[in-house]
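Pasted below: target38.cif, mmCIF, C-alpha atoms.
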```
data_my_file
#
loop_
_atom_site.label_atom_id
_atom_site.label_comp_id
_atom_site.auth_asym_id
_atom_site.auth_seq_id
_atom_site.Cartn_x
_atom_site.Cartn_y
_atom_site.Cartn_z
CA MET E 1 61.53 -43.69 80.85
CA ILE E 2 65.21 -43.02 80.20
CA ARG E 3 67.24 -41.68 83.12
CA LEU E 4 70.73 -40.30 83.58
CA SER E 5 71.69 -43.66 85.12
CA ASP E 6 70.82 -45.39 81.82
CA ILE E 7 73.10 -43.00 79.96
CA GLU E 8 75.87 -43.55 82.51
CA ASP E 9 75.46 -47.32 82.02
CA ALA E 10 75.82 -46.75 78.27
CA GLN E 11 78.96 -44.74 78.91
CA THR E 12 80.45 -47.74 80.74
CA ILE E 13 79.59 -50.05 77.83
CA LEU E 14 81.10 -47.67 75.28
CA ASP E 15 84.26 -46.93 77.24
CA GLY E 16 87.28 -48.02 75.20
CA ARG E 17 85.11 -49.29 72.32
CA ILE E 18 84.45 -45.96 70.62
CA LEU E 19 86.46 -42.76 70.47
CA HIS E 20 86.13 -40.22 73.26
CA THR E 21 86.03 -37.35 70.80
CA PRO E 22 87.65 -33.99 71.52
CA MET E 23 85.68 -30.87 72.32
CA LEU E 24 87.58 -27.75 71.35
CA PRO E 25 86.99 -24.00 71.39
CA ALA E 26 86.22 -22.52 67.97
CA PRO E 27 87.35 -18.88 68.07
CA LYS E 28 86.75 -18.27 64.35
CA LEU E 29 83.19 -19.60 64.55
CA SER E 30 82.74 -17.57 67.73
CA GLU E 31 83.79 -14.43 65.88
CA LEU E 32 81.39 -15.29 63.06
CA THR E 33 78.38 -15.73 65.36
CA GLY E 34 79.02 -13.55 68.40
CA ALA E 35 78.80 -16.51 70.78
CA GLU E 36 81.57 -18.49 72.48
CA ILE E 37 81.46 -21.81 70.63
CA PHE E 38 82.84 -25.19 71.63
CA VAL E 39 82.66 -27.99 69.06
CA LYS E 40 82.34 -31.69 69.90
CA TYR E 41 83.97 -33.51 66.98
CA GLU E 42 81.84 -36.63 66.56
CA ASN E 43 82.87 -36.69 62.89
CA LEU E 44 86.13 -38.25 64.13
CA GLN E 45 84.47 -41.55 65.08
CA VAL E 46 85.53 -44.51 62.91
CA THR E 47 82.38 -44.21 60.81
CA ASN E 48 82.56 -40.39 61.06
CA SER E 49 79.34 -40.01 63.02
CA PHE E 50 77.89 -40.01 66.54
CA LYS E 51 75.63 -42.91 65.55
CA GLU E 52 78.22 -45.41 66.78
CA ARG E 53 77.25 -44.61 70.36
CA GLY E 54 73.62 -45.66 70.14
CA ALA E 55 74.25 -48.51 67.72
CA LEU E 56 76.90 -50.16 69.88
CA ASN E 57 74.90 -49.66 73.08
CA LYS E 58 71.94 -51.44 71.46
CA LEU E 59 73.95 -54.22 69.80
CA ALA E 60 75.83 -54.95 73.03
CA SER E 61 72.51 -55.55 74.79
CA LEU E 62 71.43 -58.39 72.46
CA ASP E 63 71.52 -61.92 73.84
CA ALA E 64 73.05 -64.86 71.97
CA ALA E 65 69.76 -65.84 70.32
CA ASP E 66 69.15 -62.33 68.97
CA ARG E 67 72.72 -62.09 67.71
CA ALA E 68 72.31 -65.37 65.86
CA ARG E 69 69.15 -64.08 64.15
CA GLY E 70 70.94 -61.05 62.76
CA VAL E 71 69.87 -57.41 62.71
CA ILE E 72 68.23 -55.00 60.30
CA ALA E 73 68.21 -51.21 60.23
CA MET E 74 67.00 -48.39 58.00
CA SER E 75 69.12 -45.32 57.55
CA ALA E 76 70.20 -42.54 55.19
CA GLY E 77 73.77 -43.50 55.94
CA ASN E 78 75.31 -42.81 59.34
CA HIS E 79 73.20 -45.19 61.43
CA ALA E 80 73.68 -47.73 58.64
CA GLN E 81 77.46 -47.51 58.82
CA ALA E 82 77.47 -47.58 62.62
CA VAL E 83 75.28 -50.69 62.79
CA ALA E 84 77.24 -52.40 60.02
CA TYR E 85 80.61 -51.62 61.58
CA HIS E 86 79.83 -52.68 65.14
CA ALA E 87 77.72 -55.65 64.08
CA ALA E 88 80.71 -56.94 62.15
CA ARG E 89 82.95 -56.44 65.19
CA LEU E 90 80.49 -58.43 67.30
CA GLY E 91 80.03 -61.15 64.67
CA ILE E 92 76.40 -60.25 63.92
CA ALA E 93 74.99 -60.37 60.39
CA ALA E 94 73.47 -57.02 59.38
CA THR E 95 71.02 -55.95 56.67
CA ILE E 96 70.60 -52.23 56.02
CA VAL E 97 67.77 -50.61 54.04
CA MET E 98 68.80 -47.23 52.63
CA PRO E 99 66.87 -44.71 50.51
CA VAL E 100 67.97 -44.65 46.88
CA THR E 101 68.84 -40.95 47.40
CA THR E 102 71.57 -41.79 49.94
CA PRO E 103 74.97 -40.35 48.93
CA ALA E 104 77.12 -42.97 47.22
CA VAL E 105 79.93 -42.50 49.76
CA LYS E 106 77.62 -43.68 52.56
CA VAL E 107 76.32 -46.67 50.62
CA ALA E 108 79.85 -47.75 49.73
CA SER E 109 81.05 -47.38 53.33
CA THR E 110 78.14 -49.45 54.63
CA ARG E 111 78.85 -52.26 52.18
CA ALA E 112 82.55 -52.08 53.02
CA CYS E 113 81.66 -52.96 56.62
CA GLY E 114 80.17 -56.25 55.42
CA ALA E 115 76.47 -55.44 55.62
CA THR E 116 73.88 -56.43 53.04
CA VAL E 117 72.52 -53.18 51.60
CA VAL E 118 69.00 -52.87 50.20
CA LEU E 119 68.23 -49.62 48.37
CA HIS E 120 64.55 -48.74 48.59
CA GLY E 121 62.39 -45.62 48.47
CA GLU E 122 63.10 -41.92 48.33
CA THR E 123 62.89 -41.26 52.08
CA ILE E 124 63.64 -42.79 55.46
CA ALA E 125 59.90 -43.43 55.91
CA GLU E 126 59.80 -45.55 52.75
CA ALA E 127 62.98 -47.35 53.75
CA GLN E 128 61.46 -48.03 57.16
CA GLY E 129 58.46 -49.73 55.56
CA ARG E 130 60.75 -52.03 53.59
CA ALA E 131 62.89 -52.77 56.66
CA GLU E 132 59.83 -53.71 58.71
CA ALA E 133 58.63 -56.02 55.94
CA LEU E 134 62.02 -57.75 55.76
CA GLN E 135 62.12 -58.01 59.54
CA ALA E 136 58.75 -59.78 59.56
CA GLN E 137 59.82 -62.14 56.79
CA SER E 138 63.23 -63.07 58.19
CA GLY E 139 62.86 -62.66 61.95
CA LEU E 140 65.69 -60.13 62.16
CA VAL E 141 66.14 -57.81 65.13
CA LEU E 142 65.30 -54.19 64.25
CA ILE E 143 67.91 -51.62 65.32
CA HIS E 144 65.86 -48.45 65.08
CA PRO E 145 67.87 -45.29 64.33
CA TYR E 146 66.23 -43.18 67.05
CA ASP E 147 63.10 -44.61 68.67
CA ASP E 148 64.76 -47.03 71.08
CA PRO E 149 65.75 -46.45 74.73
CA ARG E 150 69.23 -47.89 74.30
CA ILE E 151 69.85 -45.86 71.17
CA ILE E 152 68.76 -42.69 72.97
CA ALA E 153 70.89 -43.54 76.01
CA GLY E 154 73.95 -44.16 73.84
CA GLN E 155 73.62 -40.81 72.11
CA GLY E 156 73.23 -39.06 75.47
CA THR E 157 76.80 -39.95 76.44
CA ILE E 158 77.92 -37.02 74.29
CA ALA E 159 76.43 -34.46 76.70
CA ILE E 160 78.07 -36.14 79.67
CA GLU E 161 81.47 -35.80 78.00
CA MET E 162 80.79 -32.20 76.96
CA LEU E 163 79.73 -31.08 80.42
CA GLU E 164 82.61 -32.91 82.08
CA GLU E 165 84.93 -30.70 80.05
CA ARG E 166 82.84 -27.50 80.02
CA PRO E 167 80.36 -27.48 82.92
CA ASP E 168 79.75 -23.78 82.29
CA LEU E 169 78.02 -24.23 78.92
CA ASP E 170 74.85 -22.15 78.64
CA CYS E 171 73.33 -23.94 75.69
CA LEU E 172 73.55 -27.02 73.46
CA VAL E 173 72.37 -26.65 69.85
CA VAL E 174 71.56 -30.08 68.45
CA PRO E 175 70.29 -31.31 65.07
CA ILE E 176 66.95 -33.16 65.00
CA GLY E 177 65.97 -35.93 62.63
CA GLY E 178 63.87 -38.46 64.49
CA GLY E 179 65.05 -36.98 67.77
CA GLY E 180 67.32 -39.63 69.27
CA LEU E 181 70.40 -37.42 69.49
CA ILE E 182 68.74 -34.43 71.10
CA SER E 183 66.60 -36.59 73.41
CA GLY E 184 69.52 -38.43 74.95
CA ASN E 185 71.58 -35.28 75.28
CA ALA E 186 68.69 -33.31 76.73
CA ILE E 187 68.11 -35.95 79.41
CA ALA E 188 71.80 -36.04 80.35
CA ALA E 189 72.40 -32.30 80.16
CA LYS E 190 69.31 -31.31 82.14
CA ALA E 191 70.08 -33.90 84.83
CA ILE E 192 73.62 -32.53 85.21
CA ASN E 193 72.69 -28.85 84.88
CA PRO E 194 68.96 -28.02 85.03
CA GLN E 195 69.68 -24.45 83.86
CA ILE E 196 71.25 -25.40 80.55
CA GLU E 197 69.19 -24.64 77.44
CA LEU E 198 68.60 -27.16 74.65
CA VAL E 199 67.82 -25.85 71.16
CA GLY E 200 66.98 -28.20 68.32
CA VAL E 201 67.54 -27.68 64.60
CA GLU E 202 65.66 -29.08 61.62
CA ALA E 203 65.95 -28.50 57.88
CA GLU E 204 63.14 -26.28 56.59
CA LEU E 205 62.26 -28.98 54.07
CA TYR E 206 61.68 -31.56 56.84
CA PRO E 207 60.00 -29.77 59.80
CA SER E 208 58.50 -32.96 61.23
CA MET E 209 59.36 -32.28 64.88
CA TRP E 210 58.35 -28.62 64.50
CA ASN E 211 54.96 -29.77 63.18
CA ALA E 212 54.50 -32.23 66.05
CA LEU E 213 55.39 -29.63 68.66
CA HIS E 214 53.34 -26.78 67.18
CA GLY E 215 50.38 -28.70 65.77
CA GLU E 216 51.19 -27.50 62.26
CA GLU E 217 51.25 -29.32 58.94
CA ARG E 218 54.13 -27.73 57.07
CA PRO E 219 55.05 -29.91 54.08
CA CYS E 220 57.91 -32.39 54.48
CA GLY E 221 59.90 -33.33 51.42
CA GLY E 222 62.46 -32.33 48.85
CA ALA E 223 66.17 -32.69 48.17
CA THR E 224 68.05 -31.42 51.21
CA LEU E 225 71.75 -31.17 51.93
CA ALA E 226 70.92 -32.49 55.41
CA GLU E 227 69.69 -35.93 54.34
CA GLY E 228 70.78 -37.30 57.71
CA ILE E 229 67.92 -35.41 59.40
CA ALA E 230 65.42 -35.66 56.52
CA VAL E 231 62.86 -37.54 58.61
CA LYS E 232 59.09 -37.36 58.12
CA ASN E 233 58.09 -39.46 61.16
CA VAL E 234 59.09 -38.27 64.62
CA GLY E 235 59.83 -40.79 67.34
CA ARG E 236 57.16 -42.08 69.69
CA LEU E 237 59.71 -42.01 72.51
CA THR E 238 61.57 -38.88 71.48
CA LEU E 239 58.64 -36.48 70.99
CA PRO E 240 57.61 -36.24 74.68
CA ILE E 241 61.25 -35.88 75.77
CA ILE E 242 61.78 -33.02 73.34
CA ARG E 243 58.49 -31.40 74.32
CA ASP E 244 59.53 -31.45 77.99
CA LEU E 245 63.23 -30.57 77.77
CA VAL E 246 63.94 -28.63 74.56
CA SER E 247 63.16 -24.90 74.60
CA ASP E 248 62.83 -24.36 70.87
CA VAL E 249 63.38 -25.77 67.39
CA VAL E 250 64.99 -23.63 64.69
CA LEU E 251 64.29 -24.33 61.01
CA VAL E 252 67.23 -23.67 58.67
CA SER E 253 67.29 -23.17 54.91
CA GLU E 254 69.47 -24.98 52.39
CA SER E 255 71.62 -21.88 51.88
CA GLN E 256 72.20 -21.64 55.65
CA LEU E 257 73.23 -25.29 55.74
CA GLU E 258 75.62 -24.71 52.85
CA ARG E 259 77.14 -21.72 54.60
CA ALA E 260 77.63 -23.75 57.80
CA VAL E 261 79.29 -26.66 55.97
CA ASN E 262 81.62 -24.20 54.25
CA ALA E 263 82.40 -22.41 57.53
CA TYR E 264 83.40 -25.68 59.21
CA LEU E 265 85.67 -26.51 56.30
CA THR E 266 87.29 -23.13 55.71
CA LEU E 267 87.43 -21.81 59.29
CA GLN E 268 87.77 -25.00 61.35
CA LYS E 269 89.36 -27.24 58.71
CA ALA E 270 86.75 -29.84 59.65
CA MET E 271 84.57 -31.97 57.39
CA ALA E 272 80.85 -31.62 58.15
CA GLU E 273 77.89 -33.06 56.28
CA GLY E 274 74.71 -31.03 56.06
CA ALA E 275 73.11 -32.57 59.15
CA GLY E 276 76.39 -32.31 61.04
CA ALA E 277 76.53 -28.57 60.40
CA ALA E 278 72.87 -27.88 61.25
CA GLY E 279 73.65 -26.53 64.73
CA LEU E 280 76.00 -23.93 63.31
CA ALA E 281 73.44 -23.11 60.60
CA ALA E 282 70.92 -22.23 63.32
CA MET E 283 73.43 -19.89 64.96
CA LEU E 284 74.14 -18.22 61.62
CA LYS E 285 70.40 -17.77 61.10
CA GLU E 286 69.68 -16.32 64.55
CA PRO E 287 72.94 -14.89 65.95
CA GLN E 288 71.14 -12.58 68.40
CA ARG E 289 69.57 -15.57 70.16
CA PHE E 290 73.01 -16.94 71.06
CA LYS E 291 75.09 -13.76 71.31
CA GLY E 292 77.37 -13.76 74.34
CA LYS E 293 76.45 -17.31 75.38
CA ARG E 294 78.75 -20.32 75.78
CA VAL E 295 77.36 -22.74 73.21
CA GLY E 296 78.18 -26.38 72.66
CA LEU E 297 77.82 -27.66 69.09
CA ILE E 298 77.89 -31.33 68.12
CA LEU E 299 79.54 -31.78 64.74
CA CYS E 300 77.62 -35.00 64.53
CA GLY E 301 78.64 -36.29 61.09
CA GLY E 302 81.25 -35.78 58.39
CA ASN E 303 80.09 -38.12 55.65
CA ILE E 304 79.58 -35.68 52.79
CA ASP E 305 79.92 -36.53 49.11
CA PRO E 306 83.11 -34.82 47.82
CA ARG E 307 81.28 -33.60 44.72
CA ILE E 308 78.62 -31.92 46.86
CA LEU E 309 81.30 -30.38 49.03
CA ALA E 310 83.11 -28.99 45.97
CA SER E 311 79.86 -27.49 44.72
CA ILE E 312 79.18 -25.87 48.10
CA MET E 313 82.61 -24.27 48.17
CA VAL E 314 82.16 -22.74 44.72
CA ARG E 315 78.66 -21.54 45.57
CA GLU E 316 79.95 -19.88 48.74
CA LEU E 317 82.67 -18.14 46.75
CA GLU E 318 79.91 -16.81 44.50
CA ARG E 319 77.86 -15.67 47.50
CA GLY E 320 80.92 -13.92 48.87
CA GLU E 321 81.52 -12.29 45.47
CA GLN E 322 84.91 -13.94 45.13
CA ILE E 323 83.66 -15.57 41.92
CA VAL E 324 81.65 -13.16 39.81
CA SER E 325 80.09 -13.41 36.35
CA PHE E 326 79.38 -10.54 33.96
CA ARG E 327 77.41 -10.42 30.73
CA LEU E 328 78.76 -7.91 28.20
CA THR E 329 77.52 -6.66 24.85
CA ILE E 330 80.56 -6.15 22.65
CA PRO E 331 81.34 -5.15 19.04
CA ASP E 332 82.11 -8.20 16.91
CA ARG E 333 85.52 -7.26 15.60
CA PRO E 334 89.10 -8.50 16.01
CA GLY E 335 90.94 -7.58 19.16
CA VAL E 336 87.98 -6.86 21.44
CA LEU E 337 88.39 -10.03 23.48
CA GLY E 338 92.05 -9.20 23.95
CA GLN E 339 91.20 -5.69 25.12
CA ILE E 340 88.73 -7.05 27.70
CA ALA E 341 91.22 -9.66 28.89
CA SER E 342 93.89 -6.99 29.30
CA CYS E 343 91.48 -4.75 31.20
CA LEU E 344 90.57 -7.57 33.59
CA GLY E 345 94.23 -8.46 34.07
CA GLU E 346 95.15 -4.87 34.91
CA LEU E 347 92.32 -4.83 37.47
CA GLY E 348 93.69 -8.00 39.13
CA ALA E 349 90.80 -10.27 38.09
CA ASN E 350 91.61 -13.85 37.14
CA ILE E 351 89.51 -15.12 34.22
CA LEU E 352 87.95 -18.52 34.92
CA GLU E 353 85.53 -18.98 32.03
CA VAL E 354 84.47 -17.20 28.83
CA ASP E 355 81.38 -17.85 26.68
CA HIS E 356 81.25 -15.91 23.38
CA LYS E 357 77.93 -15.95 21.43
CA ARG E 358 76.90 -14.19 18.23
CA LEU E 359 73.54 -15.68 17.30
CA PHE E 360 71.22 -13.83 19.70
CA LEU E 361 68.44 -11.49 18.63
CA ASP E 362 68.87 -9.26 21.67
CA VAL E 363 72.31 -8.07 20.52
CA PRO E 364 73.15 -5.97 17.42
CA ALA E 365 73.84 -7.77 14.16
CA LYS E 366 77.44 -6.51 14.34
CA GLY E 367 77.72 -7.33 18.00
CA ALA E 368 78.10 -10.32 20.26
CA ARG E 369 77.32 -11.39 23.78
CA LEU E 370 80.18 -12.24 26.09
CA ASP E 371 79.75 -13.99 29.43
CA VAL E 372 82.87 -13.96 31.54
CA THR E 373 83.49 -15.41 35.00
CA VAL E 374 86.36 -14.06 37.08
CA GLU E 375 87.93 -14.45 40.51
CA THR E 376 87.82 -11.30 42.62
CA ARG E 377 89.00 -10.28 46.06
CA ASP E 378 85.66 -9.14 47.45
CA HIS E 379 82.52 -7.09 46.77
CA ALA E 380 84.43 -3.83 46.36
CA HIS E 381 86.75 -5.40 43.81
CA ALA E 382 83.77 -6.75 41.87
CA GLU E 383 82.20 -3.30 41.81
CA GLU E 384 85.48 -1.80 40.58
CA ILE E 385 85.52 -4.26 37.68
CA MET E 386 81.87 -3.54 36.90
CA ALA E 387 82.57 0.20 36.76
CA ALA E 388 85.58 -0.22 34.48
CA LEU E 389 83.67 -2.43 32.02
CA SER E 390 80.83 0.07 32.03
CA ALA E 391 83.21 2.96 31.37
CA ASP E 392 84.54 1.08 28.35
CA GLY E 393 81.01 0.86 26.92
CA TYR E 394 80.37 -2.87 27.33
CA GLN E 395 77.03 -2.47 29.19
CA PRO E 396 77.93 -5.09 31.83
CA MET E 397 75.27 -6.98 33.78
CA ARG E 398 75.93 -9.17 36.81
CA ILE E 399 74.72 -12.76 36.36
CA HIS E 400 74.87 -15.93 38.42
CA ALA E 401 77.56 -18.24 37.10
CA SER E 402 75.08 -21.13 36.75
CA ALA E 403 73.08 -19.02 34.27
CA MET E 404 75.99 -18.44 31.92
CA THR E 405 74.93 -21.13 29.48
CA GLY E 406 71.31 -19.89 29.50
#
```

Rewritten as structure tokens:
Amino acid sequence: MIRLSDIEDAQTILDGRILHTPMLPAPKLSELTGAEIFVKYENLQVTNSFKERGALNKLASLDAADRARGVIAMSAGNHAQAVAYHAARLGIAATIVMPVTTPAVKVASTRACGATVVLHGETIAEAQGRAEALQAQSGLVLIHPYDDPRIIAGQGTIAIEMLEERPDLDCLVVPIGGGGLISGNAIAAKAINPQIELVGVEAELYPSMWNALHGEERPCGGATLAEGIAVKNVGRLTLPIIRDLVSDVVLVSESQLERAVNAYLTLQKAMAEGAGAAGLAAMLKEPQRFKGKRVGLILCGGNIDPRILASIMVRELERGEQIVSFRLTIPDRPGVLGQIASCLGELGANILEVDHKRLFLDVPAKGARLDVTVETRDHAHAEEIMAALSADGYQPMRIHASAMTG
């Protein structure tokens, strides 16, 4: 059993050895969701994740013999970096098993901390099997990412800090992978304020905790933006804690995760990975559930691949109709492209891309197909452009930009 006193002991161990991260009001996110949001910026830790708390609390508990043996962990990235970083600071050799699907930025950061990295399997479950085999072979100490009392206690220090600053919070919305983060924070928060509500969040593609709580067998698997919580096996220790203390688990889609990552970046100027933005994604999915409440969000990780982030931003511009693509059927004669370009310029649309094709059977022999992508101000502006192109006889159709080469 893990008690508030265990989490307070962890807080003493961590004091001065990790960052006491800020918790700040987020008025723009509040306006977006209808709740009063306060964000705990765990992405500002040295390894850009809350995982340092549990990892250091566990590593600090090892005796000299265990430290000499070395440690092993499995992780999709953040626990890996946390273990590698603090093991190096304590002079402990670390081996980390990571799924081959782990973003390159996380693999590189883990190696940069001095750990030996083993890439194995597509999922955390497969990486765990390899880590356990290596542990048995080499006698290493396993630093489990979530199913360990000291890991859970370390993560729970976040709630203590949040409630010290905002004791009037009505709700904490916390991502769930294996359950270590929400378990520790639920124990601490409920001990401090029994009336506070805990809501968990999982990716729809990995509803492992949802299945365990509801006795369902929804499939787990697939490429998710929230690889940090893409866990198929729930914790033996964390499941009963969540069952007792967490009121509900919200499942969020990939598009909701993308929207949350983009909102953190554009509205808060904060870097969030998919798992780190899961709490906000749940609020975007179910705003009525949280409307009018004081909600604490843990931005629990900021280790996102820059290429993925760039893709998300463009996709969100498309969803917001600030990047729009049209398919036109045009006469194949000199000057038509210039006329269309002039029309778009007069309408205030900035041309981003043009694809001009003649050899299609679904256009007239003396015609051509033109796909054009433009920047617009908003939906109304896009509709204005559509109407003008239609009035000029180009039979415009709206298409998704990714389909332009189809």

Within 9 Å of segment 248-260 of chain E, which residues of segment 307-373 of chain E come that close, and what is the closest atom pair and distance in Å for each? Count only C-alpha atoms and give it as CSV.
```
residue,atom,partner,partner_atom,distance
E:Leu309,CA,E:Glu258,CA,8.9
E:Ile312,CA,E:Glu258,CA,6.0
E:Met313,CA,E:Glu258,CA,8.4
E:Arg315,CA,E:Glu258,CA,8.5
E:Glu316,CA,E:Arg259,CA,6.8
```

Out of E:Lys291, E:Arg130, E:His400, E:Arg236, which residue has the shortest atom-to-atom distance to Ala73 of chain E when counting all atoms listed in the file?
->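 Residue with the minimum atom-to-atom distance to Ala73 of chain E: E:Arg130.
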
So which residues touch segment 155-161 of chain E within 6 Å, counting all atoms listed in the file, skipping near sequence neighbours fewer than 4 positions away, as a PyMOL selection string?
-> chain E and resi 7+11+53-54+181+184-185+188-189

Near-Pro207 of chain E list (9 Å; all atoms listed in the file; drop same-chain fewer than 2 positions) as a VMD selection string | chain E and resid 202 to 205 209 to 212 217 to 220 230 to 232 251

Please provide as an NGL selection string all residues within 12 Å of Ala387 of chain E, with the sequence filter that same-chain residues fewer than 5 positions apart are discarded (counting all atoms listed in the file).
-> :E and (326 or 343-344 or 347 or 380-382 or 392-398)

Spatial neighbours of Pro149 of chain E, max dist 9 Å, all atoms listed in the file, sep filter under 4 positions, as a VMD selection string | chain E and resid 1 to 2 6 58 153 to 154 180 184 237

With a distance cut-off of 9 Å and only C-alpha atoms, select the neighbouring residues of Val46 of chain E, excluding the residue or stretch itself and same-chain residues fewer than 4 positions from it, and output the selection as a short mmCIF file (atom, residue, chain, number, x, y, z; two decimals) with C-alpha atoms, in the coordinates of the input.
```
data_model
loop_
_atom_site.label_atom_id
_atom_site.label_comp_id
_atom_site.auth_asym_id
_atom_site.auth_seq_id
_atom_site.Cartn_x
_atom_site.Cartn_y
_atom_site.Cartn_z
CA ILE E 18 84.45 -45.96 70.62
CA LEU E 19 86.46 -42.76 70.47
CA GLU E 52 78.22 -45.41 66.78
CA ALA E 82 77.47 -47.58 62.62
CA TYR E 85 80.61 -51.62 61.58
#
```

Closest to Glu122 of chain E among E:Thr95, E:Thr224, E:Gln195, E:Gln81, using all atoms listed in the file?
->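 Result for the nearest residue to Glu122 of chain E: E:Thr224.
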
Care to translate the PyMOL selection byres ((chain E and resi 171) around 6) into actual residues of this file, as a PyMOL selection string?
-> chain E and resi 169-170+172+196-198+295

Coordinates-based distance that separates atom CA of Leu239 of chain E from atom CA of Phe290 of chain E (Å, one decimal) = 24.3 Å

List as number ranges by chain: which residues have an atom within 10 Å of (89.1, -18.7, 31.4), counting only C-alpha atoms?
-> E: 341, 350-355, 372-374
